[in-house]
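What's in work-v8.cif: mmCIF, C-alpha atoms
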```cif
data_target
loop_
_atom_site.label_atom_id
_atom_site.label_comp_id
_atom_site.auth_asym_id
_atom_site.auth_seq_id
_atom_site.Cartn_x
_atom_site.Cartn_y
_atom_site.Cartn_z
CA MET A 540 -2.14 -7.86 0.20
CA LYS A 541 -0.51 -8.63 3.53
CA MET A 542 -0.01 -6.17 6.39
CA GLN A 543 3.58 -6.00 7.68
CA ARG A 544 4.68 -4.73 11.09
CA ILE A 545 7.68 -2.42 10.75
CA LEU A 546 10.44 -2.25 13.37
CA SER A 547 13.19 0.35 13.75
CA ASP A 548 16.17 0.33 16.09
CA LYS A 549 15.61 4.10 16.49
CA VAL A 550 12.21 3.66 18.14
CA LYS A 551 11.40 1.74 21.31
CA GLU A 552 8.85 -1.00 20.77
CA PRO A 553 5.66 -0.72 22.82
CA LYS A 554 4.59 -3.39 25.28
CA PRO A 555 3.02 -6.42 23.57
CA GLY A 556 -0.72 -6.11 23.18
CA THR A 557 -0.79 -2.30 23.10
CA TRP A 558 -0.11 -1.02 19.54
CA SER A 559 2.32 -1.21 16.63
CA ASN A 560 4.60 1.73 15.86
CA CYS A 561 4.28 1.29 12.11
CA LYS A 562 2.43 -0.91 9.64
CA ARG A 563 2.92 -1.25 5.91
CA VAL A 564 0.22 -2.51 3.56
CA GLY A 565 1.43 -2.69 -0.03
CA ASP A 566 3.01 0.69 -0.70
CA GLN A 567 1.09 2.46 2.07
CA PHE A 568 2.46 2.97 5.59
CA PHE A 569 0.95 4.16 8.84
CA VAL A 570 3.05 5.55 11.71
CA SER A 571 1.43 5.64 15.15
CA GLY A 572 1.63 8.74 17.29
CA MET A 573 5.31 9.34 17.96
CA THR A 574 6.62 11.47 20.82
CA ALA A 575 9.98 12.69 22.08
CA HIS A 576 10.63 9.62 24.25
CA ASP A 577 14.10 8.11 23.87
CA LEU A 578 14.85 4.37 23.78
CA ALA A 579 14.90 4.26 27.60
CA GLY A 580 11.47 5.92 27.82
CA ASN A 581 12.73 9.32 28.96
CA VAL A 582 11.35 12.53 27.43
CA MET A 583 13.99 14.29 25.34
CA GLY A 584 13.95 18.00 24.56
CA GLU A 585 12.94 19.03 28.06
CA LYS A 586 9.80 21.17 27.80
CA ASP A 587 10.83 22.81 24.52
CA MET A 588 8.33 22.46 21.65
CA TYR A 589 10.94 22.79 18.90
CA SER A 590 13.31 20.19 20.42
CA GLN A 591 10.52 17.73 21.13
CA THR A 592 9.07 18.15 17.64
CA LYS A 593 12.47 17.63 16.02
CA ARG A 594 13.08 14.47 18.07
CA THR A 595 9.61 13.22 17.16
CA PHE A 596 10.23 13.76 13.43
CA GLU A 597 13.55 11.89 13.77
CA LYS A 598 11.64 8.90 15.14
CA ILE A 599 9.06 9.14 12.35
CA GLN A 600 11.91 9.25 9.84
CA GLY A 601 13.34 6.08 11.39
CA MET A 602 10.01 4.29 11.01
CA VAL A 603 9.42 5.53 7.44
CA GLU A 604 12.91 4.49 6.35
CA ALA A 605 12.49 1.08 8.00
CA ALA A 606 9.30 0.70 5.93
CA GLY A 607 11.33 1.47 2.78
CA GLY A 608 10.26 5.07 2.30
CA LYS A 609 11.44 8.65 2.62
CA MET A 610 10.00 11.56 4.55
CA ASN A 611 8.67 13.10 1.33
CA ASP A 612 6.54 9.95 0.89
CA ILE A 613 4.38 11.12 3.81
CA ALA A 614 1.03 12.36 2.51
CA LYS A 615 -0.69 13.23 5.81
CA LEU A 616 0.41 14.33 9.28
CA THR A 617 -1.74 14.70 12.35
CA ILE A 618 -0.01 16.79 15.01
CA PHE A 619 -1.27 17.11 18.58
CA VAL A 620 0.19 19.92 20.72
CA THR A 621 -0.43 20.96 24.30
CA ASP A 622 0.16 24.65 23.52
CA ILE A 623 -1.20 25.84 20.18
CA THR A 624 0.56 29.20 20.61
CA GLU A 625 3.88 27.40 20.03
CA ARG A 626 2.87 26.17 16.55
CA GLU A 627 5.63 28.18 14.85
CA GLU A 628 8.17 25.98 16.67
CA VAL A 629 6.43 22.93 15.20
CA TRP A 630 6.57 24.40 11.67
CA LYS A 631 10.24 25.30 12.15
CA ALA A 632 11.15 21.70 13.05
CA ARG A 633 8.89 20.25 10.32
CA ALA A 634 10.69 22.33 7.67
CA GLU A 635 13.93 20.47 8.49
CA PHE A 636 12.44 17.13 7.35
CA PHE A 637 10.49 17.91 4.16
CA THR A 638 11.28 19.47 0.78
CA GLY A 639 8.91 20.63 -1.95
CA ASP A 640 5.23 20.44 -1.13
CA PHE A 641 4.56 19.74 2.53
CA PRO A 642 2.24 16.88 3.54
CA CYS A 643 -1.42 17.53 4.28
CA CYS A 644 -1.56 18.36 7.97
CA SER A 645 -3.90 18.81 10.91
CA LEU A 646 -2.66 20.67 13.99
CA ILE A 647 -4.81 19.99 17.03
CA GLY A 648 -4.47 21.68 20.40
CA ILE A 649 -5.15 19.34 23.31
CA LYS A 650 -5.05 19.55 27.09
CA GLU A 651 -2.37 16.91 27.71
CA LEU A 652 -0.54 13.87 26.38
CA ALA A 653 0.24 10.52 28.07
CA THR A 654 3.34 11.87 29.84
CA PRO A 655 3.01 15.33 31.45
CA GLU A 656 6.38 16.55 30.07
CA LEU A 657 5.33 15.87 26.48
CA LYS A 658 4.27 18.80 24.32
CA VAL A 659 3.76 17.14 20.92
CA GLU A 660 2.66 13.85 19.35
CA ILE A 661 2.66 13.20 15.59
CA GLU A 662 1.06 10.53 13.39
CA ALA A 663 1.97 9.99 9.71
CA VAL A 664 0.47 8.23 6.70
CA GLY A 665 2.12 7.87 3.31
CA PHE A 666 2.93 5.86 0.21
CA ILE A 667 6.38 4.41 -0.57
CA GLY A 668 7.83 6.07 -3.66
CA ALA A 669 5.11 8.72 -3.94
CA GLY A 670 7.16 11.72 -2.81
CA ALA A 671 9.58 13.96 -4.64
CA ASP A 672 13.27 13.28 -4.15
#
```
This entry written out as structure tokens:
Amino acid sequence: MKMQRILSDKVKEPKPGTWSNCKRVGDQFFVSGMTAHDLAGNVMGEKDMYSQTKRTFEKIQGMVEAAGGKMNDIAKLTIFVTDITEREEVWKARAEFFTGDFPCCSLIGIKELATPELKVEIEAVGFIGAGAD
């Protein structure tokens, strides 16, 4: 089985030699930690947890669809937040992208992310065709 690098015009590619945004191996896909950065590298959603989370899920959706899947194919999310007290805003945004059973999920409170304005970073793992329609 060959590993395939997935590209999406909705997500800025990282500098060569750093990481891949998404890889697909067979029917499984892995999405690196996505944030609310736009294509120019600016943080969208100001310092609002809900807006940043929604933008981040939009980028994940772009990567999953480029891999040939749907959001409901995601089996596991890992969510890093800089303010755990704002978790309800994360759940509110997440509910806009999934139907039926939600993915397995870890929510981890951390001190900071790579860019000081960022409040959330999300990783995803799933299997193409595994989710409910």
Using the chain letters and residue numbers of this document, give as a tab-separated table (two decimals) with C-alpha atoms, in the coordinates of the input the residues selected by the PyMOL selection byres ((chain A and resi 636) around 9).
```tsv
chain	number	residue	atom	x	y	z
A	593	LYS	CA	12.47	17.63	16.02
A	596	PHE	CA	10.23	13.76	13.43
A	597	GLU	CA	13.55	11.89	13.77
A	600	GLN	CA	11.91	9.25	9.84
A	610	MET	CA	10.00	11.56	4.55
A	611	ASN	CA	8.67	13.10	1.33
A	632	ALA	CA	11.15	21.70	13.05
A	633	ARG	CA	8.89	20.25	10.32
A	634	ALA	CA	10.69	22.33	7.67
A	635	GLU	CA	13.93	20.47	8.49
A	637	PHE	CA	10.49	17.91	4.16
A	638	THR	CA	11.28	19.47	0.78
```
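You can rank A:Arg626, A:Lys551, A:Lys541, A:Lys658 by their closest distance to A:Arg563 using only C-alpha atoms, and at the top of that list sits A:Lys541.
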Centre, edges in Å (one decimal): axis-aligned box, stretch 660-666 of chain A, 4 Å padding on all six sides, as JSON:
```
{"center_x": 1.7, "center_y": 9.9, "center_z": 9.8, "size_x": 10.5, "size_y": 16.0, "size_z": 27.1}
```
Can you list what the PyMOL selection byres ((chain A and resi 579) around 12) grabs from this structure, as a count of residues only? 13
Using all atoms listed in the file, what table do you get, as a Markdown table, when you list each residue of stretch 585-618 of chain A with an atom no more than 12 Å from stretch 652-655 of chain A, its nearest pair of atoms, and their distance in Å rounded to one decimal, rows by chain then rising number?
```
| residue | atom | partner | partner_atom | distance |
| --- | --- | --- | --- | --- |
| A:Glu585 | CA | A:Pro655 | CA | 11.1 |
| A:Lys586 | CA | A:Pro655 | CA | 9.7 |
| A:Ile618 | CA | A:Leu652 | CA | 11.8 |
```
Pick out the residues sitting within 12 Å of A:Ala606, and hand them over as a short mmCIF file (atom, residue, chain, number, x, y, z; two decimals) with C-alpha atoms, in the frame of the given file; count all atoms listed in the file, and ignore anything fewer than 6 positions along from it in its own chain.
```cif
data_model
loop_
_atom_site.label_atom_id
_atom_site.label_comp_id
_atom_site.auth_asym_id
_atom_site.auth_seq_id
_atom_site.Cartn_x
_atom_site.Cartn_y
_atom_site.Cartn_z
CA MET A 542 -0.01 -6.17 6.39
CA GLN A 543 3.58 -6.00 7.68
CA ARG A 544 4.68 -4.73 11.09
CA ILE A 545 7.68 -2.42 10.75
CA LEU A 546 10.44 -2.25 13.37
CA SER A 547 13.19 0.35 13.75
CA ASN A 560 4.60 1.73 15.86
CA CYS A 561 4.28 1.29 12.11
CA LYS A 562 2.43 -0.91 9.64
CA ARG A 563 2.92 -1.25 5.91
CA VAL A 564 0.22 -2.51 3.56
CA GLY A 565 1.43 -2.69 -0.03
CA ASP A 566 3.01 0.69 -0.70
CA GLN A 567 1.09 2.46 2.07
CA PHE A 568 2.46 2.97 5.59
CA PHE A 569 0.95 4.16 8.84
CA VAL A 570 3.05 5.55 11.71
CA ILE A 599 9.06 9.14 12.35
CA GLN A 600 11.91 9.25 9.84
CA ASP A 612 6.54 9.95 0.89
CA ILE A 613 4.38 11.12 3.81
CA VAL A 664 0.47 8.23 6.70
CA GLY A 665 2.12 7.87 3.31
CA PHE A 666 2.93 5.86 0.21
CA ILE A 667 6.38 4.41 -0.57
CA GLY A 668 7.83 6.07 -3.66
#
```
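Distance-wise, atom CA of A:Leu657 and atom CA of A:Glu625 end up 13.3 Å apart.
With only C-alpha atoms as the basis for measurement, A:Met573 is the residue among A:Cys644, A:Met573, A:Met540, A:Ala669 that approaches A:Lys598 most closely.
Of the residues listed (A:Val629, A:Cys643, A:Met588, A:Leu616), A:Leu616 shows the shortest atom-to-atom separation from A:Glu662; distances use only C-alpha atoms.
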Counting only C-alpha atoms, which residue out of A:Gly639, A:Gly584, A:Gly556, A:Thr617 sits closest to A:Ser571? A:Thr617
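If you count all atoms listed in the file and ignore residues fewer than 5 places along the chain from A:Ile649, what sits within 9 Å of it is Phe619, Val620, Thr621, Asp622 and Ile623 of chain A.
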Looking at only C-alpha atoms, which of A:Glu628, A:Glu656, A:Thr557, A:Thr574 is the one that sits closest to A:Thr595? A:Thr574
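In this structure, atom CA of A:Ala614 sits 11.7 Å away from atom CA of A:Ser645.
Going from atom CA of A:Asp548 over to atom CA of A:Trp630, you cover 26.3 Å.
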For stretch 577-588 of chain A, where the input has fewer atoms than it should, I would like N, CA, C and O atoms rebuilt and written as a compact mmCIF listing (two decimals), in the frame of the given file.
```txt
# COMPACT_ATOMS: atom_id res chain seq x y z
N ASP A 577 12.92 8.79 24.38
CA ASP A 577 14.10 8.11 23.87
C ASP A 577 13.92 6.60 24.04
O ASP A 577 12.86 6.14 24.48
N LEU A 578 14.95 5.83 23.71
CA LEU A 578 14.85 4.37 23.78
C LEU A 578 14.67 3.85 25.20
O LEU A 578 14.16 2.76 25.41
N ALA A 579 15.06 4.65 26.20
CA ALA A 579 14.90 4.26 27.60
C ALA A 579 13.56 4.72 28.17
O ALA A 579 13.24 4.44 29.32
N GLY A 580 12.78 5.46 27.36
CA GLY A 580 11.47 5.92 27.82
C GLY A 580 11.48 7.30 28.44
O GLY A 580 10.45 7.76 28.95
N ASN A 581 12.64 7.97 28.41
CA ASN A 581 12.73 9.32 28.96
C ASN A 581 12.31 10.34 27.91
O ASN A 581 12.55 10.14 26.71
N VAL A 582 11.74 11.46 28.35
CA VAL A 582 11.35 12.53 27.43
C VAL A 582 12.57 13.36 27.10
O VAL A 582 13.25 13.88 27.98
N MET A 583 12.87 13.47 25.80
CA MET A 583 13.99 14.29 25.34
C MET A 583 13.46 15.68 24.96
O MET A 583 12.29 15.83 24.65
N GLY A 584 14.34 16.66 24.97
CA GLY A 584 13.95 18.00 24.56
C GLY A 584 13.34 18.82 25.67
O GLY A 584 12.75 19.86 25.42
N GLU A 585 13.50 18.35 26.89
CA GLU A 585 12.94 19.03 28.06
C GLU A 585 11.51 19.45 27.79
O GLU A 585 10.72 18.67 27.31
N LYS A 586 11.17 20.69 28.06
CA LYS A 586 9.80 21.17 27.80
C LYS A 586 9.81 22.16 26.65
O LYS A 586 9.06 23.12 26.63
N ASP A 587 10.68 21.92 25.67
CA ASP A 587 10.83 22.81 24.52
C ASP A 587 10.11 22.23 23.31
O ASP A 587 10.43 21.12 22.87
N MET A 588 9.14 22.95 22.77
CA MET A 588 8.33 22.46 21.65
C MET A 588 9.18 22.15 20.43
O MET A 588 9.00 21.10 19.80
```
